[in-house]
>>> print(open('run-v2.cif').read())   # mmCIF, C-alpha atoms
data_upload
#
loop_
_atom_site.group_PDB
_atom_site.id
_atom_site.type_symbol
_atom_site.label_atom_id
_atom_site.label_comp_id
_atom_site.auth_asym_id
_atom_site.auth_seq_id
_atom_site.Cartn_x
_atom_site.Cartn_y
_atom_site.Cartn_z
ATOM 1 C CA MET A 10 1.629 18.793 -11.370
ATOM 2 C CA GLY A 11 -2.098 18.282 -11.770
ATOM 3 C CA ALA A 12 -3.005 14.733 -12.728
ATOM 4 C CA LEU A 13 0.502 13.502 -11.921
ATOM 5 C CA LYS A 14 -0.083 13.784 -8.186
ATOM 6 C CA MET A 15 -0.752 10.893 -5.876
ATOM 7 C CA ILE A 16 -3.939 8.925 -6.328
ATOM 8 C CA GLN A 17 -5.843 8.779 -3.032
ATOM 9 C CA ARG A 18 -9.201 7.575 -4.301
ATOM 10 C CA VAL A 19 -10.988 6.921 -7.572
ATOM 11 C CA GLU A 20 -14.455 7.761 -8.817
ATOM 12 C CA THR A 21 -16.573 4.632 -8.994
ATOM 13 C CA PRO A 22 -20.203 3.784 -8.236
ATOM 14 C CA HIS A 23 -19.122 0.320 -7.068
ATOM 15 C CA LYS A 24 -18.767 -0.353 -3.346
ATOM 16 C CA VAL A 25 -15.074 -1.122 -3.470
ATOM 17 C CA VAL A 26 -12.219 -0.109 -1.185
ATOM 18 C CA ALA A 27 -8.471 -0.728 -1.530
ATOM 19 C CA MET A 28 -6.638 -1.456 1.713
ATOM 20 C CA THR A 29 -2.875 -1.050 1.450
ATOM 21 C CA PHE A 30 -0.051 -2.112 3.761
ATOM 22 C CA ASP A 31 3.389 -0.486 3.858
ATOM 23 C CA ASP A 32 6.898 -1.480 4.969
ATOM 24 C CA GLY A 33 6.667 -5.283 4.858
ATOM 25 C CA PRO A 34 7.075 -8.061 4.295
ATOM 26 C CA ASN A 35 7.183 -8.924 7.975
ATOM 27 C CA PRO A 36 7.287 -12.524 9.304
ATOM 28 C CA ILE A 37 4.610 -11.833 11.925
ATOM 29 C CA TYR A 38 2.277 -9.080 10.791
ATOM 30 C CA THR A 39 2.121 -9.666 7.032
ATOM 31 C CA LEU A 40 0.973 -13.220 7.698
ATOM 32 C CA LYS A 41 -1.687 -11.951 10.122
ATOM 33 C CA VAL A 42 -2.982 -9.569 7.442
ATOM 34 C CA LEU A 43 -3.143 -12.475 4.982
ATOM 35 C CA ASP A 44 -5.216 -14.477 7.472
ATOM 36 C CA LEU A 45 -7.708 -11.615 7.892
ATOM 37 C CA PHE A 46 -8.183 -11.190 4.137
ATOM 38 C CA ARG A 47 -8.439 -14.944 3.530
ATOM 39 C CA GLU A 48 -11.387 -15.120 5.917
ATOM 40 C CA VAL A 49 -13.411 -12.662 3.803
ATOM 41 C CA SER A 50 -11.972 -13.548 0.358
ATOM 42 C CA GLY A 51 -10.653 -9.983 0.080
ATOM 43 C CA LYS A 52 -7.562 -8.691 -1.703
ATOM 44 C CA ALA A 53 -5.023 -6.067 -0.600
ATOM 45 C CA THR A 54 -1.973 -4.243 -1.952
ATOM 46 C CA PHE A 55 1.326 -4.507 -0.100
ATOM 47 C CA PHE A 56 3.838 -1.717 -0.733
ATOM 48 C CA MET A 57 7.001 -3.622 0.083
ATOM 49 C CA ILE A 58 10.534 -2.502 0.875
ATOM 50 C CA GLY A 59 13.099 -4.196 -1.347
ATOM 51 C CA ARG A 60 15.549 -5.177 1.373
ATOM 52 C CA HIS A 61 12.749 -6.755 3.404
ATOM 53 C CA MET A 62 11.637 -8.741 0.356
ATOM 54 C CA VAL A 63 15.150 -10.154 -0.012
ATOM 55 C CA GLU A 64 15.064 -11.119 3.676
ATOM 56 C CA TYR A 65 11.638 -12.829 3.543
ATOM 57 C CA PRO A 66 11.083 -14.199 0.019
ATOM 58 C CA GLU A 67 8.738 -16.894 1.328
ATOM 59 C CA ILE A 68 6.342 -14.225 2.624
ATOM 60 C CA VAL A 69 6.446 -12.441 -0.731
ATOM 61 C CA GLU A 70 5.488 -15.769 -2.312
ATOM 62 C CA ALA A 71 2.591 -16.248 0.124
ATOM 63 C CA VAL A 72 1.237 -12.771 -0.683
ATOM 64 C CA VAL A 73 1.310 -13.426 -4.435
ATOM 65 C CA THR A 74 -0.024 -16.991 -4.149
ATOM 66 C CA GLN A 75 -3.090 -15.673 -2.309
ATOM 67 C CA GLY A 76 -3.825 -13.205 -5.098
ATOM 68 C CA HIS A 77 -2.710 -9.948 -3.496
ATOM 69 C CA GLU A 78 -0.784 -7.178 -5.201
ATOM 70 C CA ILE A 79 2.771 -6.032 -4.481
ATOM 71 C CA GLY A 80 3.688 -2.381 -4.934
ATOM 72 C CA ASN A 81 7.108 -0.727 -4.921
ATOM 73 C CA HIS A 82 8.024 1.164 -1.733
ATOM 74 C CA THR A 83 11.752 1.665 -2.560
ATOM 75 C CA TYR A 84 14.694 -0.491 -1.504
ATOM 76 C CA SER A 85 15.565 1.064 1.862
ATOM 77 C CA HIS A 86 12.637 3.371 2.741
ATOM 78 C CA ALA A 87 14.665 6.442 1.824
ATOM 79 C CA LYS A 88 13.221 9.953 1.780
ATOM 80 C CA LEU A 89 13.375 10.468 -1.963
ATOM 81 C CA THR A 90 13.329 14.268 -1.947
ATOM 82 C CA PHE A 91 16.663 14.134 -0.075
ATOM 83 C CA LEU A 92 18.324 12.081 -2.841
ATOM 84 C CA ASN A 93 19.742 13.043 -6.212
ATOM 85 C CA GLU A 94 18.061 11.620 -9.318
ATOM 86 C CA SER A 95 20.547 8.768 -9.724
ATOM 87 C CA ASP A 96 20.118 7.506 -6.136
ATOM 88 C CA CYS A 97 16.362 7.976 -6.355
ATOM 89 C CA LEU A 98 16.295 5.913 -9.536
ATOM 90 C CA GLN A 99 18.363 3.178 -7.892
ATOM 91 C CA GLU A 100 16.005 2.991 -4.874
ATOM 92 C CA ILE A 101 13.037 2.361 -7.169
ATOM 93 C CA GLN A 102 14.686 0.224 -9.863
ATOM 94 C CA GLN A 103 16.430 -2.084 -7.402
ATOM 95 C CA THR A 104 13.080 -2.955 -5.832
ATOM 96 C CA ASP A 105 11.515 -3.170 -9.276
ATOM 97 C CA LYS A 106 13.986 -5.939 -10.148
ATOM 98 C CA ILE A 107 13.440 -7.729 -6.829
ATOM 99 C CA ILE A 108 9.666 -7.740 -7.352
ATOM 100 C CA THR A 109 10.057 -9.112 -10.884
ATOM 101 C CA ASN A 110 12.589 -11.749 -9.785
ATOM 102 C CA LEU A 111 10.498 -12.980 -6.862
ATOM 103 C CA THR A 112 7.040 -12.796 -8.439
ATOM 104 C CA GLY A 113 7.600 -13.005 -12.185
ATOM 105 C CA MET A 114 5.461 -9.874 -12.542
ATOM 106 C CA LYS A 115 6.148 -6.172 -13.036
ATOM 107 C CA SER A 116 4.658 -3.897 -10.413
ATOM 108 C CA THR A 117 2.757 -0.872 -11.694
ATOM 109 C CA VAL A 118 1.997 0.930 -8.422
ATOM 110 C CA PHE A 119 4.456 2.909 -6.313
ATOM 111 C CA ARG A 120 4.229 4.675 -2.972
ATOM 112 C CA PRO A 121 7.046 6.977 -1.862
ATOM 113 C CA PRO A 122 8.211 6.488 1.736
ATOM 114 C CA TYR A 123 6.725 9.054 4.121
ATOM 115 C CA LEU A 124 4.416 9.995 1.189
ATOM 116 C CA ASP A 125 7.208 12.438 0.433
ATOM 117 C CA TYR A 126 7.712 13.559 -3.164
ATOM 118 C CA ASN A 127 8.472 16.519 -5.400
ATOM 119 C CA HIS A 128 8.180 17.250 -9.099
ATOM 120 C CA GLY A 129 11.380 15.340 -9.867
ATOM 121 C CA VAL A 130 10.093 12.219 -8.103
ATOM 122 C CA VAL A 131 6.768 12.476 -9.927
ATOM 123 C CA LEU A 132 8.480 12.633 -13.340
ATOM 124 C CA LEU A 133 10.793 9.740 -12.462
ATOM 125 C CA VAL A 134 7.960 7.525 -11.271
ATOM 126 C CA LYS A 135 5.951 8.298 -14.404
ATOM 127 C CA ARG A 136 8.946 7.559 -16.636
ATOM 128 C CA LEU A 137 9.303 4.145 -14.985
ATOM 129 C CA GLY A 138 5.667 3.355 -15.790
ATOM 130 C CA TYR A 139 4.290 3.548 -12.264
ATOM 131 C CA ARG A 140 1.145 5.149 -10.871
ATOM 132 C CA MET A 141 1.912 6.957 -7.603
ATOM 133 C CA ILE A 142 -0.469 5.908 -4.848
ATOM 134 C CA GLY A 143 -1.345 7.858 -1.718
ATOM 135 C CA ALA A 144 -4.210 7.280 0.734
ATOM 136 C CA LEU A 145 -7.054 9.147 2.410
ATOM 137 C CA ASN A 146 -6.644 8.069 6.040
ATOM 138 C CA THR A 147 -3.137 9.355 6.718
ATOM 139 C CA ASP A 148 -4.536 11.062 9.831
ATOM 140 C CA ALA A 149 -5.116 7.613 11.363
ATOM 141 C CA LEU A 150 -1.360 7.549 12.084
ATOM 142 C CA ASP A 151 -1.342 3.786 12.615
ATOM 143 C CA TRP A 152 2.474 3.774 12.414
ATOM 144 C CA GLU A 153 2.578 5.788 15.649
ATOM 145 C CA GLN A 154 0.450 3.205 17.510
ATOM 146 C CA PRO A 155 -2.132 5.785 18.654
ATOM 147 C CA GLY A 156 -4.592 3.132 19.855
ATOM 148 C CA VAL A 157 -6.955 0.758 18.061
ATOM 149 C CA ASP A 158 -10.007 2.992 18.521
ATOM 150 C CA TYR A 159 -8.162 6.023 17.160
ATOM 151 C CA ILE A 160 -7.072 4.170 14.007
ATOM 152 C CA ILE A 161 -10.628 2.891 13.449
ATOM 153 C CA GLU A 162 -12.387 6.233 14.061
ATOM 154 C CA LYS A 163 -10.060 8.215 11.807
ATOM 155 C CA THR A 164 -10.246 5.611 9.045
ATOM 156 C CA ARG A 165 -14.044 5.297 9.160
ATOM 157 C CA SER A 166 -14.471 8.952 8.200
ATOM 158 C CA HIS A 167 -12.614 8.330 4.921
ATOM 159 C CA ILE A 168 -14.500 5.247 3.780
ATOM 160 C CA SER A 169 -16.557 5.571 0.615
ATOM 161 C CA SER A 170 -16.638 3.921 -2.803
ATOM 162 C CA GLY A 171 -13.173 4.115 -4.350
ATOM 163 C CA SER A 172 -11.232 4.944 -1.164
ATOM 164 C CA ILE A 173 -7.582 3.940 -0.809
ATOM 165 C CA LEU A 174 -6.627 3.277 2.822
ATOM 166 C CA LEU A 175 -3.158 3.097 4.369
ATOM 167 C CA PHE A 176 -1.879 0.791 7.119
ATOM 168 C CA HIS A 177 1.493 -0.681 8.084
ATOM 169 C CA ASP A 178 2.562 -4.316 8.431
ATOM 170 C CA GLY A 179 6.291 -3.624 8.874
ATOM 171 C CA PHE A 180 8.706 -1.853 11.263
ATOM 172 C CA GLY A 181 7.963 -2.437 14.947
ATOM 173 C CA ASP A 182 4.897 -3.659 16.801
ATOM 174 C CA ARG A 183 1.897 -3.592 14.462
ATOM 175 C CA SER A 184 -0.584 -5.388 16.740
ATOM 176 C CA GLN A 185 -2.789 -2.260 17.035
ATOM 177 C CA THR A 186 -2.992 -2.048 13.249
ATOM 178 C CA ILE A 187 -3.920 -5.722 12.949
ATOM 179 C CA GLU A 188 -6.696 -5.347 15.540
ATOM 180 C CA ALA A 189 -8.034 -2.178 13.888
ATOM 181 C CA VAL A 190 -7.950 -3.716 10.411
ATOM 182 C CA LYS A 191 -9.749 -6.821 11.675
ATOM 183 C CA ILE A 192 -12.639 -4.658 12.945
ATOM 184 C CA LEU A 193 -12.673 -2.437 9.852
ATOM 185 C CA ILE A 194 -12.744 -5.432 7.497
ATOM 186 C CA SER A 195 -15.706 -6.834 9.392
ATOM 187 C CA GLU A 196 -17.553 -3.491 9.186
ATOM 188 C CA LEU A 197 -16.787 -3.012 5.500
ATOM 189 C CA CYS A 198 -18.025 -6.487 4.615
ATOM 190 C CA LEU A 199 -21.246 -5.941 6.598
ATOM 191 C CA GLN A 200 -21.761 -2.684 4.678
ATOM 192 C CA GLY A 201 -21.422 -4.544 1.386
ATOM 193 C CA TYR A 202 -17.980 -3.318 0.401
ATOM 194 C CA GLN A 203 -15.612 -5.463 -1.623
ATOM 195 C CA LEU A 204 -11.910 -5.364 -0.742
ATOM 196 C CA VAL A 205 -9.811 -5.068 -3.895
ATOM 197 C CA THR A 206 -6.234 -4.307 -4.933
ATOM 198 C CA VAL A 207 -5.223 -0.811 -5.974
ATOM 199 C CA SER A 208 -4.784 -1.950 -9.576
ATOM 200 C CA ASP A 209 -8.271 -3.481 -9.584
ATOM 201 C CA LEU A 210 -9.623 -0.181 -8.252
ATOM 202 C CA LEU A 211 -7.824 1.799 -10.978
ATOM 203 C CA ARG A 212 -9.096 -0.644 -13.617
ATOM 204 C CA LEU A 213 -12.689 -0.216 -12.430
ATOM 205 C CA ALA A 214 -12.323 3.557 -12.645
ATOM 206 C CA GLU A 215 -10.938 3.321 -16.181
ATOM 207 C CA GLU A 216 -13.825 1.129 -17.239
ATOM 208 C CA GLU A 217 -16.295 3.694 -15.903
ATOM 209 C CA LYS A 218 -14.812 6.294 -18.244
ATOM 210 C CA LYS A 219 -15.339 4.179 -21.364
#
>>> encode(input="run-v2.cif", output="structure tokens")
Amino acid sequence: MGALKMIQRVETPHKVVAMTFDDGPNPIYTLKVLDLFREVSGKATFFMIGRHMVEYPEIVEAVVTQGHEIGNHTYSHAKLTFLNESDCLQEIQQTDKIITNLTGMKSTVFRPPYLDYNHGVVLLVKRLGYRMIGALNTDALDWEQPGVDYIIEKTRSHISSGSILLFHDGFGDRSQTIEAVKILISELCLQGYQLVTVSDLLRLAEEEKK
């Protein structure tokens, strides 16, 4: 699959990092993430689930209004490798339409639920005009609530220019994630990093190649 695989980081000399949040929007935790990023004028990418977007359109609006990016994370958080091509297509396209309807913009970044994909998924995502986005700090396991210190320590080891980092603002109690992200944002800003969207990160990398 080569270059078609998930993008986990990009080559760039700039001190930029893309923080991403999966499984929202959520009426409690997405808003807390927005508060943290507003304080440092940073931007993030939210990989949203279609059915949650339909449930909380006002939160989708708040995310977009504050200049953050929305990525496609399927309609129902299905494991795509378990689906046939038609159902897989529906999971992605349904959310594609919801994003366009609610934001007036087409999303160009996609993350498969559970970071689970195969060659068929890769080809489908490419055909739909998406870049498939992974992350470096999957060992932080923030979705399992392993403790604030654990999330921070594991994530720290993956931070460098061009890193894409994964956290969760949906499904269950995300207070550990919020606390960890608050500390990490503070550290990153002190180290001179800029917090950007995934698309901004990809754009920077493209510009480097020119």
>>> residues_around(input="run-v2.cif", residues="range 112-122 of chain A", least_positions_apart="4", cutoff="6 Å", atoms="all atoms listed in the file", output="number ranges by chain")
A: 80-82, 86, 108, 139-142
>>> residues_near_point(input="run-v2.cif", point="(-9.5, -7.5, -3.3)", cutoff="12 Å", atoms="only C-alpha atoms", output="MDAnalysis selection string")
chainID A and resid 24:29 43 46:47 49:55 75:78 173 194 198 202:210
>>> resolve_selection(input="run-v2.cif", expression="the PyMOL selection byres ((chain A and resi 151-168) around 8)", output="count of residues only")
20
>>> residues_around(input="run-v2.cif", residues="Tyr126 in chain A", least_positions_apart="5", cutoff="8 Å", atoms="all atoms listed in the file", output="CSV table (one decimal) with C-alpha atoms, keeping the file's coordinate frame")
chain,number,residue,atom,x,y,z
A,89,LEU,CA,13.4,10.5,-2.0
A,90,THR,CA,13.3,14.3,-1.9
A,121,PRO,CA,7.0,7.0,-1.9
A,131,VAL,CA,6.8,12.5,-9.9
>>> atom_distance(input="run-v2.cif", atom1="CA of Tyr84 in chain A", atom2="CA of Arg60 in chain A")
5.6 Å
>>> residues_around(input="run-v2.cif", residues="Thr21 in chain A", least_positions_apart="6", cutoff="7 Å", atoms="all atoms listed in the file", output="number ranges by chain")
A: 170-171, 214, 217
>>> atom_distance(input="run-v2.cif", atom1="CA of Glu215 in chain A", atom2="CA of Val19 in chain A")
9.3 Å
>>> closest_residue(input="run-v2.cif", among="A:Glu64, A:Asp178, A:Glu216, A:Asp96", to="Gly33 in chain A", atoms="all atoms listed in the file")
A:Asp178
>>> closest_residue(input="run-v2.cif", among="A:Asp32, A:Ile37, A:Leu137, A:Val42", to="Met57 in chain A", atoms="all atoms listed in the file")
A:Asp32
